file run-v1.txt (compact mmCIF, C-alpha atoms)
# COMPACT_ATOMS: atom_id res chain seq x y z
CA MET A 1 -64.52 64.35 12.45
CA ASN A 2 -62.56 65.64 15.45
CA ILE A 3 -59.46 67.84 15.23
CA THR A 4 -57.11 65.03 16.33
CA LEU A 5 -58.26 62.88 13.42
CA MET A 6 -58.03 65.83 11.01
CA GLU A 7 -54.43 66.40 12.13
CA TYR A 8 -53.65 62.74 11.44
CA TYR A 9 -55.15 63.00 7.95
CA ARG A 10 -53.25 66.26 7.36
CA GLU A 11 -50.01 64.47 8.23
CA LEU A 12 -51.04 61.54 6.06
CA LYS A 13 -51.52 63.77 3.02
CA GLY A 14 -48.56 65.99 3.82
CA TYR A 15 -50.59 69.20 3.54
CA THR A 16 -49.29 72.50 4.88
CA TYR A 17 -51.67 75.03 6.44
CA GLU A 18 -51.26 77.14 3.32
CA GLU A 19 -52.31 74.25 1.06
CA ILE A 20 -55.35 73.52 3.24
CA SER A 21 -56.30 77.19 3.06
CA GLU A 22 -56.10 77.08 -0.74
CA LEU A 23 -58.24 73.91 -0.85
CA THR A 24 -60.92 75.13 1.54
CA GLY A 25 -60.93 78.91 1.26
CA ILE A 26 -60.50 79.16 5.04
CA PRO A 27 -57.99 81.83 6.14
CA MET A 28 -54.63 80.29 7.02
CA GLU A 29 -54.57 82.01 10.42
CA THR A 30 -57.89 80.36 11.29
CA ILE A 31 -56.55 76.97 10.25
CA ARG A 32 -53.41 77.49 12.31
CA LYS A 33 -55.51 78.34 15.38
CA ILE A 34 -57.79 75.31 14.91
CA PHE A 35 -54.95 72.82 14.63
CA GLY A 36 -52.89 74.61 17.26
CA GLY A 37 -55.68 74.33 19.83
CA GLU A 38 -56.00 78.10 20.12
CA MET A 39 -59.60 78.05 18.86
CA GLU A 40 -61.93 76.14 21.18
CA ALA A 41 -64.66 75.70 18.60
CA ALA A 42 -65.11 76.21 14.89
CA ASP A 43 -68.41 76.64 13.07
CA TYR A 44 -70.04 73.69 11.32
CA GLU A 45 -69.31 74.89 7.76
CA THR A 46 -65.61 75.35 8.55
CA LEU A 47 -65.35 71.84 10.00
CA GLN A 48 -67.22 70.37 7.03
CA ALA A 49 -64.84 72.08 4.59
CA LEU A 50 -61.81 70.78 6.50
CA GLU A 51 -63.21 67.25 6.60
CA LYS A 52 -63.94 67.29 2.87
CA ALA A 53 -60.38 68.37 2.09
CA LEU A 54 -58.63 66.01 4.48
CA LYS A 55 -60.64 62.80 4.65
CA PRO A 56 -59.25 60.07 2.37
CA GLN A 57 -61.49 59.24 -0.56
CA VAL A 58 -61.82 55.88 -2.27
CA TYR A 59 -62.56 55.92 -5.97
CA GLU A 60 -62.65 52.93 -8.29
CA SER A 61 -59.17 53.88 -9.49
CA GLY A 62 -57.97 54.55 -5.95
CA VAL A 63 -58.15 50.98 -4.69
CA ARG A 64 -56.13 48.41 -6.54
CA GLU A 65 -58.44 45.88 -8.17
CA THR A 66 -56.83 42.84 -9.70
CA GLY A 67 -56.17 43.78 -13.31
CA ALA A 68 -56.54 40.27 -14.70
CA TYR A 69 -60.17 40.06 -13.62
CA GLN A 70 -61.65 43.52 -13.31
CA ALA A 71 -62.67 43.81 -16.98
CA GLU A 72 -64.27 40.36 -17.25
CA LYS A 73 -67.31 40.69 -14.97
CA LYS A 74 -69.17 43.46 -13.21
CA CYS A 75 -69.87 41.40 -10.11
CA TYR A 76 -67.82 38.52 -8.72
CA THR A 77 -68.96 35.88 -6.25
CA LEU A 78 -67.41 33.32 -3.93
CA GLU A 79 -67.28 30.91 -6.86
CA ASP A 80 -64.84 33.28 -8.60
CA TYR A 81 -62.95 33.86 -5.34
CA TYR A 82 -62.32 30.17 -4.77
CA GLY A 83 -61.57 29.66 -8.44
CA LEU A 84 -58.45 31.86 -8.30
CA PRO A 85 -54.96 30.27 -8.11
CA ASP A 86 -53.92 29.23 -4.60
CA ASP A 87 -50.95 31.60 -4.63
CA ARG A 88 -53.14 34.62 -5.42
CA ARG A 89 -54.16 36.45 -2.23
CA VAL A 90 -57.18 38.69 -2.77
CA GLU A 91 -60.25 40.03 -1.03
CA LEU A 92 -63.78 40.07 -2.42
CA ILE A 93 -65.78 43.13 -1.37
CA ASP A 94 -69.27 43.83 -2.69
CA GLY A 95 -68.60 41.82 -5.83
CA LYS A 96 -65.20 43.35 -6.62
CA ILE A 97 -61.87 41.54 -6.33
CA TYR A 98 -58.90 43.38 -4.79
CA ASP A 99 -55.30 42.23 -4.90
CA MET A 100 -53.43 42.00 -1.60
CA ALA A 101 -49.68 42.55 -1.77
CA ALA A 102 -47.46 40.30 0.35
CA PRO A 103 -47.08 41.84 3.82
CA THR A 104 -43.75 43.29 4.92
CA THR A 105 -41.74 41.67 7.70
CA GLY A 106 -42.67 44.59 9.98
CA HIS A 107 -46.33 44.03 9.16
CA GLN A 108 -46.03 40.34 10.05
CA ALA A 109 -44.10 41.03 13.26
CA ALA A 110 -46.74 43.53 14.40
CA ALA A 111 -49.60 41.11 13.69
CA MET A 112 -47.88 38.31 15.60
CA GLN A 113 -47.06 40.50 18.62
CA ILE A 114 -50.62 41.85 18.83
CA SER A 115 -52.15 38.39 18.39
CA MET A 116 -49.92 37.01 21.13
CA GLN A 117 -50.96 39.69 23.62
CA ILE A 118 -54.65 39.07 22.93
CA LYS A 119 -54.26 35.29 23.15
CA ASN A 120 -52.35 35.51 26.45
CA PHE A 121 -55.06 37.72 27.95
CA ILE A 122 -57.87 35.37 26.88
CA SER A 123 -55.95 32.38 28.26
CA ARG A 124 -55.36 34.09 31.63
CA LYS A 125 -59.04 34.95 31.90
CA LYS A 126 -60.08 31.50 30.68
CA GLY A 127 -62.24 33.29 28.14
CA LYS A 128 -64.26 31.77 25.34
CA CYS A 129 -63.19 34.23 22.63
CA ARG A 130 -60.67 33.15 20.00
CA VAL A 131 -58.02 35.21 18.22
CA PHE A 132 -57.01 34.58 14.60
CA ALA A 133 -54.42 36.15 12.31
CA ALA A 134 -54.39 36.37 8.51
CA PRO A 135 -54.79 34.59 6.27
CA VAL A 136 -58.23 33.44 7.42
CA ASP A 137 -61.36 33.91 5.33
CA VAL A 138 -64.17 35.96 6.86
CA GLN A 139 -67.53 35.79 5.07
CA LEU A 140 -68.46 39.13 6.58
CA ASP A 141 -72.05 39.55 5.38
CA CYS A 142 -72.77 35.81 5.06
CA ASP A 143 -73.53 36.43 1.38
CA HIS A 144 -71.72 35.43 -1.82
CA ARG A 145 -70.27 38.85 -2.69
CA THR A 146 -67.84 39.56 0.16
CA MET A 147 -64.89 37.66 1.67
CA VAL A 148 -62.19 39.52 3.60
CA GLN A 149 -58.97 38.59 5.40
CA PRO A 150 -58.37 40.93 8.38
CA ASP A 151 -54.86 40.98 9.81
CA VAL A 152 -55.99 40.19 13.38
CA LEU A 153 -59.50 39.33 14.55
CA VAL A 154 -61.31 38.15 17.65
CA ILE A 155 -64.41 35.94 17.58
CA CYS A 156 -66.48 35.49 20.74
CA ASP A 157 -69.30 33.43 19.19
CA LYS A 158 -67.91 29.97 18.50
CA ASP A 159 -70.85 29.19 16.20
CA LYS A 160 -69.31 31.60 13.65
CA ILE A 161 -66.16 29.48 13.41
CA THR A 162 -66.24 26.79 10.73
CA ARG A 163 -63.48 24.62 9.33
CA ARG A 164 -63.03 26.73 6.22
CA ARG A 165 -63.99 30.26 7.25
CA ILE A 166 -65.51 32.66 9.77
CA MET A 167 -69.21 33.19 9.09
CA GLY A 168 -70.31 36.68 10.05
CA ALA A 169 -68.76 39.73 11.69
CA PRO A 170 -65.86 39.35 14.15
CA ASP A 171 -66.17 41.20 17.45
CA PHE A 172 -62.79 42.92 17.08
CA ILE A 173 -60.55 43.57 14.06
CA ILE A 174 -57.13 45.13 13.61
CA GLU A 175 -55.86 46.03 10.15
CA ILE A 176 -52.18 46.96 9.80
CA LEU A 177 -52.04 49.69 7.20
CA SER A 178 -49.72 49.53 4.20
CA GLU A 179 -49.39 51.70 1.12
CA SER A 180 -51.25 49.14 -1.00
CA THR A 181 -54.20 48.74 1.42
CA ARG A 182 -54.39 52.09 3.22
CA LYS A 183 -57.34 53.59 1.32
CA LYS A 184 -59.25 50.32 1.34
CA ASP A 185 -58.74 49.79 5.08
CA MET A 186 -59.44 53.39 6.09
CA ILE A 187 -62.62 53.94 4.08
CA LEU A 188 -64.05 50.93 2.28
CA LYS A 189 -63.47 48.31 4.99
CA LEU A 190 -64.25 50.77 7.77
CA ARG A 191 -67.74 51.21 6.32
CA LYS A 192 -68.14 47.48 5.70
CA TYR A 193 -67.04 46.48 9.19
CA GLU A 194 -69.33 48.97 10.93
CA ALA A 195 -72.33 48.00 8.79
CA ALA A 196 -71.71 44.27 9.32
CA GLY A 197 -71.74 44.61 13.11
CA VAL A 198 -68.04 44.53 14.02
CA ARG A 199 -67.96 45.93 17.55
CA GLU A 200 -64.45 47.43 17.48
CA TYR A 201 -62.02 48.24 14.67
CA TRP A 202 -58.42 49.38 14.98
CA MET A 203 -56.11 50.60 12.21
CA ALA A 204 -52.41 50.33 13.07
CA ASP A 205 -50.35 52.75 11.01
CA ILE A 206 -46.90 51.43 11.81
CA GLU A 207 -45.23 53.78 9.33
CA ARG A 208 -46.55 56.87 11.12
CA ARG A 209 -46.61 55.20 14.55
CA LYS A 210 -50.32 55.87 15.10
CA ILE A 211 -53.24 53.65 16.12
CA VAL A 212 -56.74 54.72 15.07
CA VAL A 213 -59.40 53.13 17.29
CA TYR A 214 -63.10 52.88 16.44
CA TYR A 215 -65.26 51.43 19.22
CA PHE A 216 -68.57 51.40 17.38
CA GLU A 217 -70.63 50.37 20.41
CA LYS A 218 -69.63 53.52 22.27
CA ASP A 219 -68.72 56.28 19.81
CA SER A 220 -68.68 56.78 16.05
CA HIS A 221 -65.64 59.07 16.35
CA PRO A 222 -62.22 57.42 16.64
CA ALA A 223 -59.52 57.90 19.21
CA ILE A 224 -55.89 58.15 18.09
CA TYR A 225 -52.96 56.78 20.08
CA GLY A 226 -49.20 56.67 19.67
CA MET A 227 -47.21 53.45 19.52
CA ARG A 228 -45.68 53.97 22.95
CA GLU A 229 -49.04 53.62 24.65
CA GLU A 230 -51.04 50.81 26.19
CA ILE A 231 -54.41 50.95 24.45
CA PRO A 232 -57.58 49.60 26.14
CA VAL A 233 -59.70 47.11 24.21
CA GLY A 234 -63.34 48.14 24.46
CA ILE A 235 -64.92 44.72 23.94
CA PHE A 236 -63.03 43.53 27.03
CA SER A 237 -64.10 46.60 29.05
CA GLY A 238 -60.52 47.91 29.03
CA GLU A 239 -59.20 44.95 31.05
CA LEU A 240 -56.97 44.11 28.11
CA ARG A 241 -54.58 46.90 27.19
CA ILE A 242 -52.47 46.16 24.14
CA ASP A 243 -48.94 47.42 24.66
CA PHE A 244 -47.59 48.78 21.38
CA ALA A 245 -44.11 49.54 22.77
CA PRO A 246 -42.84 45.98 22.04
CA VAL A 247 -44.54 46.17 18.64
CA GLU A 248 -42.54 49.30 17.82
CA GLU A 249 -39.35 47.75 19.19
CA GLU A 250 -39.69 44.77 16.84
CA ILE A 251 -40.33 47.08 13.90
CA LEU A 252 -37.27 49.16 14.76
CA GLU A 253 -35.13 46.01 15.05
CA LEU A 254 -36.22 45.15 11.52
CA GLY A 255 -35.18 48.61 10.36
CA GLN A 256 -38.72 49.77 9.52

call {"tool": "encode", "arguments": {"input": "run-v1.txt", "output": "structure tokens"}}
result
Amino acid sequence: MNITLMEYYRELKGYTYEEISELTGIPMETIRKIFGGEMEAADYETLQALEKALKPQVYESGVRETGAYQAEKKCYTLEDYYGLPDDRRVELIDGKIYDMAAPTTGHQAAAMQISMQIKNFISRKKGKCRVFAAPVDVQLDCDHRTMVQPDVLVICDKDKITRRRIMGAPDFIIEILSESTRKKDMILKLRKYEAAGVREYWMADIERRKIVVYYFEKDSHPAIYGMREEIPVGIFSGELRIDFAPVEEEILELGQ
């Protein structure tokens, strides 16, 4: 994990340098120099200790499973998923069902703005890729134990698009983080998306005005951008740059 990402996680958890020192046993002055850019390199053990303290962890109690169903079965399938009431929005991941809270208006506005920019780019280029926004079912592993609903996704293989769902991994996914989905999106779905063959995965933290970008085909370490930047999309060789300034403007107009 690079220092930029550690700083983001430190902000996310609200830790002071003193608290990190207590958690890791690393002298506070050393921590201050690392995060302040005064120390060009830190030893492996120090970086491992910082990563362990700062990286979000997902435990069974840390991700909100749907309470009405979690005690009934140890492993759920698509039959259970499609058997739920139509007004119940959930995701099925590795046989577990997770509730999805209704998105905020800021969340919806961000997803629509991002989708529009991607769609306009594809149309200008007369491309064959297609952009979708939630809710759309994605049978990520093409098995009966996982069905997810990414906020924004791009599919470049039309054979994966069926009337009812997407079959297989999208090329590009953006999840807009919320308090109810943050841990799931940052750890559980990150691992799932990379393993399934998603080429690029972005996490838009609109509350903290940060965009975390994983371009799995190029680098396993993410880049972090602010919401006043134009961010290049790797699967389109950087020709598409998503402008997050209008996304932030819409969020601010909504008072979020």

call {"tool": "closest_atom_pairs", "arguments": {"input": "run-v1.txt", "of": "region 74-97 of chain A", "to": "region 185-205 of chain A", "cutoff": "12 Å", "atoms": "all atoms listed in the file", "output": "CSV"}}
result
residue,atom,partner,partner_atom,distance
A:Glu91,CA,A:Lys189,CA,10.7
A:Leu92,CA,A:Lys189,CA,11.1
A:Ile93,CA,A:Lys189,CA,8.5
A:Asp94,CA,A:Lys192,CA,9.2
A:Lys96,CA,A:Leu188,CA,11.7

call {"tool": "atom_distance", "arguments": {"input": "run-v1.txt", "atom1": "CA of Leu84 (chain A)", "atom2": "CA of Val138 (chain A)"}}
result
16.7 Å

call {"tool": "residues_near_point", "arguments": {"input": "run-v1.txt", "point": "(-51.3, 32.6, -6.9)", "cutoff": "12 Å", "atoms": "only C-alpha atoms", "output": "count of residues only"}}
result
15

call {"tool": "closest_atom_pairs", "arguments": {"input": "run-v1.txt", "of": "region 158-210 of chain A", "to": "region 116-129 of chain A", "cutoff": "12 Å", "atoms": "all atoms listed in the file", "output": "CSV"}}
result
residue,atom,partner,partner_atom,distance
A:Lys158,CA,A:Cys129,CA,7.6
A:Asp159,CA,A:Cys129,CA,11.2
A:Lys160,CA,A:Cys129,CA,11.2
A:Ile161,CA,A:Cys129,CA,10.8
A:Pro170,CA,A:Cys129,CA,10.3
A:Asp171,CA,A:Cys129,CA,9.2
A:Phe172,CA,A:Cys129,CA,10.3
A:Ile173,CA,A:Ile118,CA,11.6
A:Ile174,CA,A:Ile118,CA,11.4

call {"tool": "atom_distance", "arguments": {"input": "run-v1.txt", "atom1": "CA of Gly36 (chain A)", "atom2": "CA of Glu19 (chain A)"}}
result
16.2 Å

call {"tool": "atom_distance", "arguments": {"input": "run-v1.txt", "atom1": "CA of Ala245 (chain A)", "atom2": "CA of Tyr225 (chain A)"}}
result
11.7 Å

call {"tool": "closest_residue", "arguments": {"input": "run-v1.txt", "among": "A:Lys33, A:Arg145, A:His107, A:Met167", "to": "Lys74 (chain A)", "atoms": "only C-alpha atoms"}}
result
A:Arg145

call {"tool": "closest_residue", "arguments": {"input": "run-v1.txt", "among": "A:Ile31, A:Ala133, A:Cys142, A:Leu5", "to": "Val212 (chain A)", "atoms": "all atoms listed in the file"}}
result
A:Leu5
